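A quick write-up on the structure given underneath.
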Amino acid sequence: MIPSVNNEGSRTIGLLAYLFGPGKHEEHVDPHLVASFDGMSPDPGRDPNATLKELHQLLDQPVMALAEHARPAKHVWHTSVRAEPGDRTLSDEEWADIARRIVAATGIDPGEGQSGCRWVAVRHADDHIHIVATLVTEDGHRPDDFRSGARAQAEARLIEKELGLHQVAPGDGTAAQRPTSAERHKAKRQGRERTARETLRETVRRAVAGARSDEEFFERLAAAGLLIRKRTAPSGDLLGYKVALHDDLNKDGEPVFYPGARLAPDLSLPRIRERWSGHPTPDQEAPVRTRPSTPAAARRATASAAWQAVLVIEHGDDAVVAAHIAAAGEVLDALAATSAAHTRRELHAAATAFERASRSHVRTVRGHDRVLRQAARDLVHGGSALGRGEDGASTAMAIDMLTFLITVAVHWHARKGHAQQAEAAARAAEHLRTAYQSAAAQSLGVLHARGRRLSGPVIQRQTALLRETLPGLAERILAEPGWYALAATIAEAEAAGHDPAALLSEAVERRELDTADQVSDVLVWRLRRTADLPADASAPPETSTASDRNTRRRSTTRPSTSGRRRNGHEAPGRSR
């Protein structure tokens with residue numbers, strides 16, 4: 001339940017006329033009072049003899065009773081209180097009780113013998129009410145409405161619990177602006193699944209992912225089909241931007257533009273430019289491309305980047321951690337935009353959910369997040385992946401490691417008391433787990449079948465190796481359906497010249513695996529990435545392209561005998 005206290009206004013009659021009217025786009029249905037300060041206020045919505053003027057005069061009476069010089073210039077207080085989309089439809093009586101509790105909690109009408117303001121609660125839709133009050137009490141004073149917005153939110157949390165409604169995590173003012181009722185009704189009339197604001201926010205986020213300059217950012221916006229207006233200073237310097245959809249028009253037939261800051265706090269041009277810090281611009285890059293050039297290679301590089309980021313989030317300074325979490329959002333956006341159809345929906349949902357987790361009051365220090373932002377860039381430039389073969393298997397590998405990364409972000413936000421961000425990251429992780437099941441099914445199925453075909457002596461040797469190397473996890477792994485896929489991977493790594501005991505030790509070093517859904521799955525992808533094995537076990541290693549093999553050698557880490565360091569970085573230490 002979301003109370004939204006608006007700035008004070010000066011015309012009671014104007015606000016009442018809007019609330020009892022049809023709305024901007026005929027979205028107001030059956031407007032009527034559900035409660036008022038005296039329980040007897042005239043209701044222009046249901047009583048044919050009541051008028052807006054009569055209600056207006058009743059509410060404004062304490063204001064008009066003051067000497068003209070003593071009247072506040074802005075005396076109208078207004079809040080909407082909205083239920084969550086999944087909540088049941090509340091009755092008028094329930095909304096009336098909610099209204100009375102909100103005005104009491106905010107100091108508008110505190111009750112208990114204290115002088116209050118005059119107010120009414122108007123309902124013109126199933127899911128919300130509007131409360132209008134005039135900010136002069138019956139005895140001619142200003143009400144004690146200091147921080148009324150925060151007080152309304154606190155009361156809403158209690159109401160949600162008592163009425164069995166969806167319990168909203170306490171906010172911190174960093175969330176993106178929610179679509180208005182008018183925007184939602186307009187989207188419904190136009191047959192859109194989402195509002196223009198939501199579509200624009202997602203499109204701008206994708207354009208930001210891995211970008212390195214204003215020029216590249218605006219080129220991506222234009223390529224996505226958005227209308228763009230830039231705001232410049234007299235000197236010609238770019239100050240800001242607005243975007244619009246071609247087919248989202250106002251009543252005059254003109255496109256409806258949204259500034260970046262109105263889409264999300266971190267999508268203003270100054271905040272976007274912070275992401276370019278520490279990156280070479282596209283024209284400064286080496287003419288010979290040395291980064292991953294295929295979807296599969298980009299996904300392997302993404303898995304490695306996520307692996308490195310985990311240690312930063314667990315042990316880094318807050319400002320650096322915040323930057324890495326924001327960059328992880330870019331990676332999710334880029335992965336969702338370039339993945340195959342059977343995983344795209346869940347990956348989009350994960351990216352959308354994680355958007356809320358990418359912002360907090362912890363100020364980000366950019367530049368340290370270059371590896372993750374480069375991974376997002378590689379995904380974009382690598383192009384769309386197929387849902388099978390090395391593309392599909394490396395997608396599963398990337399999703400597996402990103403799930404772990406996002407889970408670590410959940411824990412960090414929880415430790416910092418960022419309730420909304422932790423909840424959003426947890427929802428993103430659930431979507432990633434669902435996407436992983438779709439992405440990994442074929443590849444793990446091939447490995448499982450290969451493992452079942454291993455000879456008895458080989459399986460016995462693998463079992464003994466597991467019990468000796470991972471005594472605390474061995475029995476759990478052996479009982480999992482994925483054990484045969486892991487056995488096949490161990491055999492493949494051994495055939496390629498690796499020490500399987502060292503690989504397994506590295507895979508779990510400083511990383512507890514007790515929280516993993518399937519430990520065997522986690523170890524399969526870690527071993528295949530570390531041993532530079534093809535993600536897709538259905539194709540022999542020699543069929544992978546030279547480009548992919550070279551990229552894997554650069555973007556993955558080779559096993560070391562000590563298992564202590566990789567490419568100058570300590571191996572991160574915990575499983576999802």
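Labels for the structure tokens follow display order: chains A, B, ..., residues from 1 in each chain, ligands from 1.
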
Open item on the list: I'd like the neighbourhood of Gly389 of chain A as a PyMOL selection string, where a residue qualifies if any of its atoms comes within 10 Å (using only C-alpha atoms), though same-chain residues fewer than 6 positions away should be ignored.
Closed with: chain A and resi 296+395+442-443+534-539

Take the selection from the previous step and output its residues with all heavy atoms, as a PDB file, in the first residue's frame.
ATOM      1  N   ALA A 296      28.760 -16.649 -27.348  1.00  0.00           N
ATOM      2  CA  ALA A 296      29.252 -17.629 -26.376  1.00  0.00           C
ATOM      3  C   ALA A 296      30.473 -17.107 -25.632  1.00  0.00           C
ATOM      4  O   ALA A 296      30.583 -17.246 -24.405  1.00  0.00           O
ATOM      5  CB  ALA A 296      29.581 -18.941 -27.078  1.00  0.00           C
ATOM      6  N   THR A 395      25.262 -19.540 -21.916  1.00  0.00           N
ATOM      7  CA  THR A 395      24.232 -18.727 -21.262  1.00  0.00           C
ATOM      8  C   THR A 395      23.912 -19.301 -19.888  1.00  0.00           C
ATOM      9  O   THR A 395      23.795 -18.566 -18.903  1.00  0.00           O
ATOM     10  CB  THR A 395      22.957 -18.671 -22.116  1.00  0.00           C
ATOM     11  OG1 THR A 395      23.254 -18.011 -23.362  1.00  0.00           O
ATOM     12  CG2 THR A 395      21.844 -17.916 -21.404  1.00  0.00           C
ATOM     13  N   GLN A 442      19.305 -28.727 -21.631  1.00  0.00           N
ATOM     14  CA  GLN A 442      19.872 -29.552 -22.700  1.00  0.00           C
ATOM     15  C   GLN A 442      21.318 -29.929 -22.403  1.00  0.00           C
ATOM     16  O   GLN A 442      21.707 -31.099 -22.504  1.00  0.00           O
ATOM     17  CB  GLN A 442      19.787 -28.818 -24.034  1.00  0.00           C
ATOM     18  CG  GLN A 442      20.352 -29.636 -25.192  1.00  0.00           C
ATOM     19  CD  GLN A 442      20.257 -28.896 -26.523  1.00  0.00           C
ATOM     20  OE1 GLN A 442      19.862 -27.742 -26.568  1.00  0.00           O
ATOM     21  NE2 GLN A 442      20.610 -29.569 -27.603  1.00  0.00           N
ATOM     22  N   SER A 443      22.129 -28.935 -22.006  1.00  0.00           N
ATOM     23  CA  SER A 443      23.553 -29.196 -21.781  1.00  0.00           C
ATOM     24  C   SER A 443      23.771 -30.164 -20.630  1.00  0.00           C
ATOM     25  O   SER A 443      24.588 -31.086 -20.715  1.00  0.00           O
ATOM     26  CB  SER A 443      24.277 -27.877 -21.503  1.00  0.00           C
ATOM     27  OG  SER A 443      24.166 -27.016 -22.619  1.00  0.00           O
ATOM     28  N   PRO A 534      34.658 -26.649 -23.257  1.00  0.00           N
ATOM     29  CA  PRO A 534      33.475 -26.061 -23.901  1.00  0.00           C
ATOM     30  C   PRO A 534      32.280 -26.146 -22.955  1.00  0.00           C
ATOM     31  O   PRO A 534      32.088 -27.141 -22.241  1.00  0.00           O
ATOM     32  CB  PRO A 534      33.265 -26.944 -25.135  1.00  0.00           C
ATOM     33  CG  PRO A 534      34.582 -27.604 -25.370  1.00  0.00           C
ATOM     34  CD  PRO A 534      35.214 -27.764 -24.029  1.00  0.00           C
ATOM     35  N   ALA A 535      31.473 -25.086 -22.936  1.00  0.00           N
ATOM     36  CA  ALA A 535      30.267 -25.122 -22.103  1.00  0.00           C
ATOM     37  C   ALA A 535      29.309 -26.190 -22.614  1.00  0.00           C
ATOM     38  O   ALA A 535      28.617 -26.849 -21.837  1.00  0.00           O
ATOM     39  CB  ALA A 535      29.593 -23.749 -22.095  1.00  0.00           C
ATOM     40  N   ASP A 536      29.263 -26.345 -23.941  1.00  0.00           N
ATOM     41  CA  ASP A 536      28.382 -27.330 -24.564  1.00  0.00           C
ATOM     42  C   ASP A 536      29.124 -28.655 -24.727  1.00  0.00           C
ATOM     43  O   ASP A 536      30.019 -28.772 -25.569  1.00  0.00           O
ATOM     44  CB  ASP A 536      27.912 -26.818 -25.926  1.00  0.00           C
ATOM     45  CG  ASP A 536      27.062 -27.832 -26.659  1.00  0.00           C
ATOM     46  OD1 ASP A 536      26.390 -28.640 -25.974  1.00  0.00           O
ATOM     47  OD2 ASP A 536      27.062 -27.816 -27.903  1.00  0.00           O
ATOM     48  N   ALA A 537      28.764 -29.623 -23.925  1.00  0.00           N
ATOM     49  CA  ALA A 537      29.458 -30.910 -23.955  1.00  0.00           C
ATOM     50  C   ALA A 537      29.029 -31.779 -25.125  1.00  0.00           C
ATOM     51  O   ALA A 537      29.626 -32.820 -25.367  1.00  0.00           O
ATOM     52  CB  ALA A 537      29.205 -31.661 -22.651  1.00  0.00           C
ATOM     53  N   SER A 538      28.005 -31.359 -25.865  1.00  0.00           N
ATOM     54  CA  SER A 538      27.543 -32.191 -26.987  1.00  0.00           C
ATOM     55  C   SER A 538      28.473 -32.077 -28.178  1.00  0.00           C
ATOM     56  O   SER A 538      28.428 -32.903 -29.084  1.00  0.00           O
ATOM     57  CB  SER A 538      26.125 -31.782 -27.400  1.00  0.00           C
ATOM     58  OG  SER A 538      26.104 -30.450 -27.871  1.00  0.00           O
ATOM     59  N   ALA A 539      29.303 -31.002 -28.203  1.00  0.00           N
ATOM     60  CA  ALA A 539      30.244 -30.829 -29.312  1.00  0.00           C
ATOM     61  C   ALA A 539      31.652 -31.093 -28.819  1.00  0.00           C
ATOM     62  O   ALA A 539      32.035 -30.651 -27.741  1.00  0.00           O
ATOM     63  CB  ALA A 539      30.146 -29.395 -29.859  1.00  0.00           C
TER      64      ALA A 539
END

Task: Members of segment 119-324 of chain A assigned helix (DSSP H, G or I) by DSSP, as an MDAnalysis selection string - done: chainID A and resid 148:163 181:189 196:208 214:223 260:263 265:267 269:276 282:284 295:315 318:324

Can I get the residues of segment 409-456 of chain A within 10 Å of segment 360-365 of chain A, each with the closest pair of atoms and their distance in Å to one decimal, using only C-alpha atoms, sorted chain first then ascending number, as CSV?
residue,atom,partner,partner_atom,distance
A:His413,CA,A:Ser360,CA,8.9
A:Lys416,CA,A:Val362,CA,9.6
A:His418,CA,A:Ser360,CA,7.4
A:Gln420,CA,A:Ser360,CA,9.4
A:Gln421,CA,A:Ser360,CA,7.5

Keeping C-alpha atoms, export the residues of the selection given above as a PDB file, in the first residue's frame.
ATOM      1  CA  HIS A 413      21.663  -4.858   0.960  1.00  0.00           C
ATOM      2  CA  LYS A 416      22.878  -2.293   5.168  1.00  0.00           C
ATOM      3  CA  HIS A 418      18.134  -1.612   2.395  1.00  0.00           C
ATOM      4  CA  GLN A 420      13.394  -2.645  -0.788  1.00  0.00           C
ATOM      5  CA  GLN A 421      16.682  -3.284  -2.559  1.00  0.00           C
TER       6      GLN A 421
END

- [ ] Identify, on the basis of only C-alpha atoms, every residue whose closest approach to Ala349 of chain A does not exceed 8 Å; exclude the query and any residue fewer than 3 positions from it along the same chain; express the result as JSON, numbers by chain.
- [x] {"A": [345, 346, 352, 353, 428, 431]}

TODO: Can you list, as a ChimeraX atom specification, all residues belonging to segment 217-323 of chain A that DSSP tags as strand (DSSP E or B)?
DONE: /A:227-232,238-244,249,255,258-259

Residues just named, written with all heavy atoms as a tab-separated table (two decimals), in the first residue's frame:
chain	number	residue	atom	x	y	z
A	227	LEU	N	12.13	8.88	-29.78
A	227	LEU	CA	12.29	10.29	-30.10
A	227	LEU	C	13.15	10.92	-29.01
A	227	LEU	O	12.97	10.65	-27.83
A	227	LEU	CB	10.93	10.99	-30.17
A	227	LEU	CG	9.96	10.49	-31.24
A	227	LEU	CD1	8.61	11.17	-31.07
A	227	LEU	CD2	10.52	10.74	-32.63
A	228	ILE	N	14.08	11.78	-29.39
A	228	ILE	CA	15.03	12.35	-28.43
A	228	ILE	C	15.05	13.87	-28.57
A	228	ILE	O	15.10	14.41	-29.67
A	228	ILE	CB	16.46	11.82	-28.69
A	228	ILE	CG1	16.46	10.29	-28.73
A	228	ILE	CG2	17.43	12.33	-27.63
A	228	ILE	CD1	17.73	9.70	-29.32
A	229	ARG	N	14.99	14.53	-27.43
A	229	ARG	CA	15.21	15.97	-27.38
A	229	ARG	C	16.35	16.24	-26.41
A	229	ARG	O	16.33	15.76	-25.28
A	229	ARG	CB	13.96	16.72	-26.91
A	229	ARG	CG	12.86	16.80	-27.97
A	229	ARG	CD	11.69	17.60	-27.44
A	229	ARG	NE	10.60	17.67	-28.41
A	229	ARG	CZ	9.40	18.16	-28.14
A	229	ARG	NH1	9.14	18.64	-26.92
A	229	ARG	NH2	8.47	18.18	-29.08
A	230	LYS	N	17.33	17.02	-26.87
A	230	LYS	CA	18.48	17.34	-26.03
A	230	LYS	C	18.38	18.78	-25.53
A	230	LYS	O	17.90	19.66	-26.25
A	230	LYS	CB	19.78	17.15	-26.81
A	230	LYS	CG	19.98	15.73	-27.31
A	230	LYS	CD	21.25	15.60	-28.13
A	230	LYS	CE	21.42	14.19	-28.69
A	230	LYS	NZ	22.64	14.06	-29.51
A	231	ARG	N	18.81	18.98	-24.29
A	231	ARG	CA	18.80	20.33	-23.71
A	231	ARG	C	20.25	20.81	-23.64
A	231	ARG	O	21.11	20.15	-23.05
A	231	ARG	CB	18.17	20.31	-22.32
A	231	ARG	CG	18.09	21.66	-21.65
A	231	ARG	CD	17.16	21.60	-20.44
A	231	ARG	NE	17.61	20.62	-19.46
A	231	ARG	CZ	18.45	20.90	-18.46
A	231	ARG	NH1	18.93	22.13	-18.33
A	231	ARG	NH2	18.80	19.96	-17.61
A	232	THR	N	20.52	21.97	-24.24
A	232	THR	CA	21.88	22.48	-24.28
A	232	THR	C	21.97	23.86	-23.65
A	232	THR	O	20.99	24.62	-23.61
A	232	THR	CB	22.38	22.57	-25.74
A	232	THR	OG1	21.48	23.41	-26.49
A	232	THR	CG2	22.42	21.19	-26.39
A	238	LEU	N	25.95	20.05	-23.68
A	238	LEU	CA	24.76	19.24	-23.46
A	238	LEU	C	24.45	19.16	-21.97
A	238	LEU	O	25.32	18.81	-21.16
A	238	LEU	CB	24.97	17.84	-24.04
A	238	LEU	CG	23.79	16.88	-24.00
A	238	LEU	CD1	22.62	17.43	-24.79
A	238	LEU	CD2	24.20	15.52	-24.54
A	239	LEU	N	23.21	19.49	-21.59
A	239	LEU	CA	22.83	19.51	-20.19
A	239	LEU	C	21.88	18.37	-19.80
A	239	LEU	O	21.87	17.95	-18.65
A	239	LEU	CB	22.15	20.84	-19.84
A	239	LEU	CG	22.99	22.10	-20.05
A	239	LEU	CD1	22.14	23.33	-19.74
A	239	LEU	CD2	24.23	22.07	-19.19
A	240	GLY	N	21.06	17.91	-20.72
A	240	GLY	CA	20.09	16.89	-20.38
A	240	GLY	C	19.39	16.37	-21.63
A	240	GLY	O	19.71	16.77	-22.76
A	241	TYR	N	18.43	15.50	-21.42
A	241	TYR	CA	17.72	14.91	-22.54
A	241	TYR	C	16.32	14.50	-22.12
A	241	TYR	O	16.03	14.35	-20.93
A	241	TYR	CB	18.48	13.68	-23.07
A	241	TYR	CG	18.39	12.48	-22.15
A	241	TYR	CD1	17.49	11.45	-22.41
A	241	TYR	CD2	19.18	12.38	-21.01
A	241	TYR	CE1	17.38	10.35	-21.56
A	241	TYR	CE2	19.09	11.29	-20.16
A	241	TYR	CZ	18.18	10.28	-20.44
A	241	TYR	OH	18.07	9.21	-19.60
A	242	LYS	N	15.44	14.34	-23.12
A	242	LYS	CA	14.11	13.79	-22.93
A	242	LYS	C	13.88	12.73	-24.00
A	242	LYS	O	14.46	12.83	-25.10
A	242	LYS	CB	13.03	14.87	-23.06
A	242	LYS	CG	13.08	15.99	-22.04
A	242	LYS	CD	11.96	16.99	-22.31
A	242	LYS	CE	11.95	18.12	-21.30
A	242	LYS	NZ	10.85	19.09	-21.58
A	243	VAL	N	13.05	11.76	-23.70
A	243	VAL	CA	12.73	10.72	-24.69
A	243	VAL	C	11.23	10.50	-24.74
A	243	VAL	O	10.51	10.76	-23.76
A	243	VAL	CB	13.45	9.40	-24.37
A	243	VAL	CG1	14.93	9.49	-24.65
A	243	VAL	CG2	13.20	8.97	-22.93
A	244	ALA	N	10.76	10.00	-25.86
A	244	ALA	CA	9.33	9.71	-26.03
A	244	ALA	C	9.17	8.56	-27.01
A	244	ALA	O	10.06	8.27	-27.83
A	244	ALA	CB	8.59	10.94	-26.55
A	249	LEU	N	0.97	9.76	-27.52
A	249	LEU	CA	0.65	11.16	-27.83
A	249	LEU	C	-0.27	11.76	-26.77
A	249	LEU	O	-1.03	11.05	-26.11
A	249	LEU	CB	-0.02	11.25	-29.20
A	249	LEU	CG	0.70	10.54	-30.35
A	249	LEU	CD1	-0.13	10.64	-31.62
A	249	LEU	CD2	2.09	11.13	-30.56
A	255	PRO	N	3.93	14.02	-29.15
A	255	PRO	CA	4.57	12.98	-28.33
A	255	PRO	C	4.75	13.45	-26.89
A	255	PRO	O	5.03	14.63	-26.64
A	255	PRO	CB	5.93	12.77	-29.01
A	255	PRO	CG	5.74	13.27	-30.41
A	255	PRO	CD	4.76	14.40	-30.32
A	258	TYR	N	9.58	12.39	-21.64
A	258	TYR	CA	9.97	12.20	-20.25
A	258	TYR	C	11.46	12.51	-20.09
A	258	TYR	O	12.29	11.90	-20.78
A	258	TYR	CB	9.73	10.76	-19.81
A	258	TYR	CG	8.29	10.34	-19.73
A	258	TYR	CD1	7.58	9.97	-20.87
A	258	TYR	CD2	7.62	10.29	-18.51
A	258	TYR	CE1	6.25	9.57	-20.80
A	258	TYR	CE2	6.30	9.90	-18.42
A	258	TYR	CZ	5.62	9.54	-19.57
A	258	TYR	OH	4.31	9.15	-19.49
A	259	PRO	N	11.82	13.42	-19.18
A	259	PRO	CA	13.25	13.60	-18.89
A	259	PRO	C	13.81	12.33	-18.25
A	259	PRO	O	13.09	11.58	-17.58
A	259	PRO	CB	13.26	14.77	-17.89
A	259	PRO	CG	11.92	15.42	-18.00
A	259	PRO	CD	10.97	14.34	-18.41

TODO: Find the residue from A:Ala409, A:Leu372, A:Val522, A:Met40 that sits nearest to Ala322 of chain A; use only C-alpha atoms when measuring.
DONE: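 Using only C-alpha atoms, the shortest distance to Ala322 of chain A belongs to A:Ala409.
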
Task: Residues within 8 Å of Arg433 of chain A, only C-alpha atoms, excluding chain neighbours under 3 positions, as a list in words - done: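 Those residues are Ile399, Asp400, Thr403, Ala429, Glu430, Tyr436 and Gln437 of chain A.
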
Residues from the last selection, C-alpha atoms, saved as a PDB file, in the first residue's frame:
ATOM      1  CA  ILE A 399      23.226 -17.201 -15.459  1.00  0.00           C
ATOM      2  CA  ASP A 400      24.547 -19.618 -12.826  1.00  0.00           C
ATOM      3  CA  THR A 403      22.573 -15.845  -9.721  1.00  0.00           C
ATOM      4  CA  ALA A 429      17.529 -14.121  -8.232  1.00  0.00           C
ATOM      5  CA  GLU A 430      14.336 -16.182  -8.398  1.00  0.00           C
ATOM      6  CA  TYR A 436      18.755 -21.165 -15.590  1.00  0.00           C
ATOM      7  CA  GLN A 437      16.524 -24.249 -15.616  1.00  0.00           C
TER       8      GLN A 437
END

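Distances from A:Val63, A:Arg178, A:Tyr484, A:Leu165 to Thr89 of chain A were compared using only C-alpha atoms, and the smallest one belongs to A:Leu165.
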
Task: Straight-line distance linking atom CA of His166 of chain A with atom CA of Ala419 of chain A, stated in Å to one decimal - done: 14.5 Å
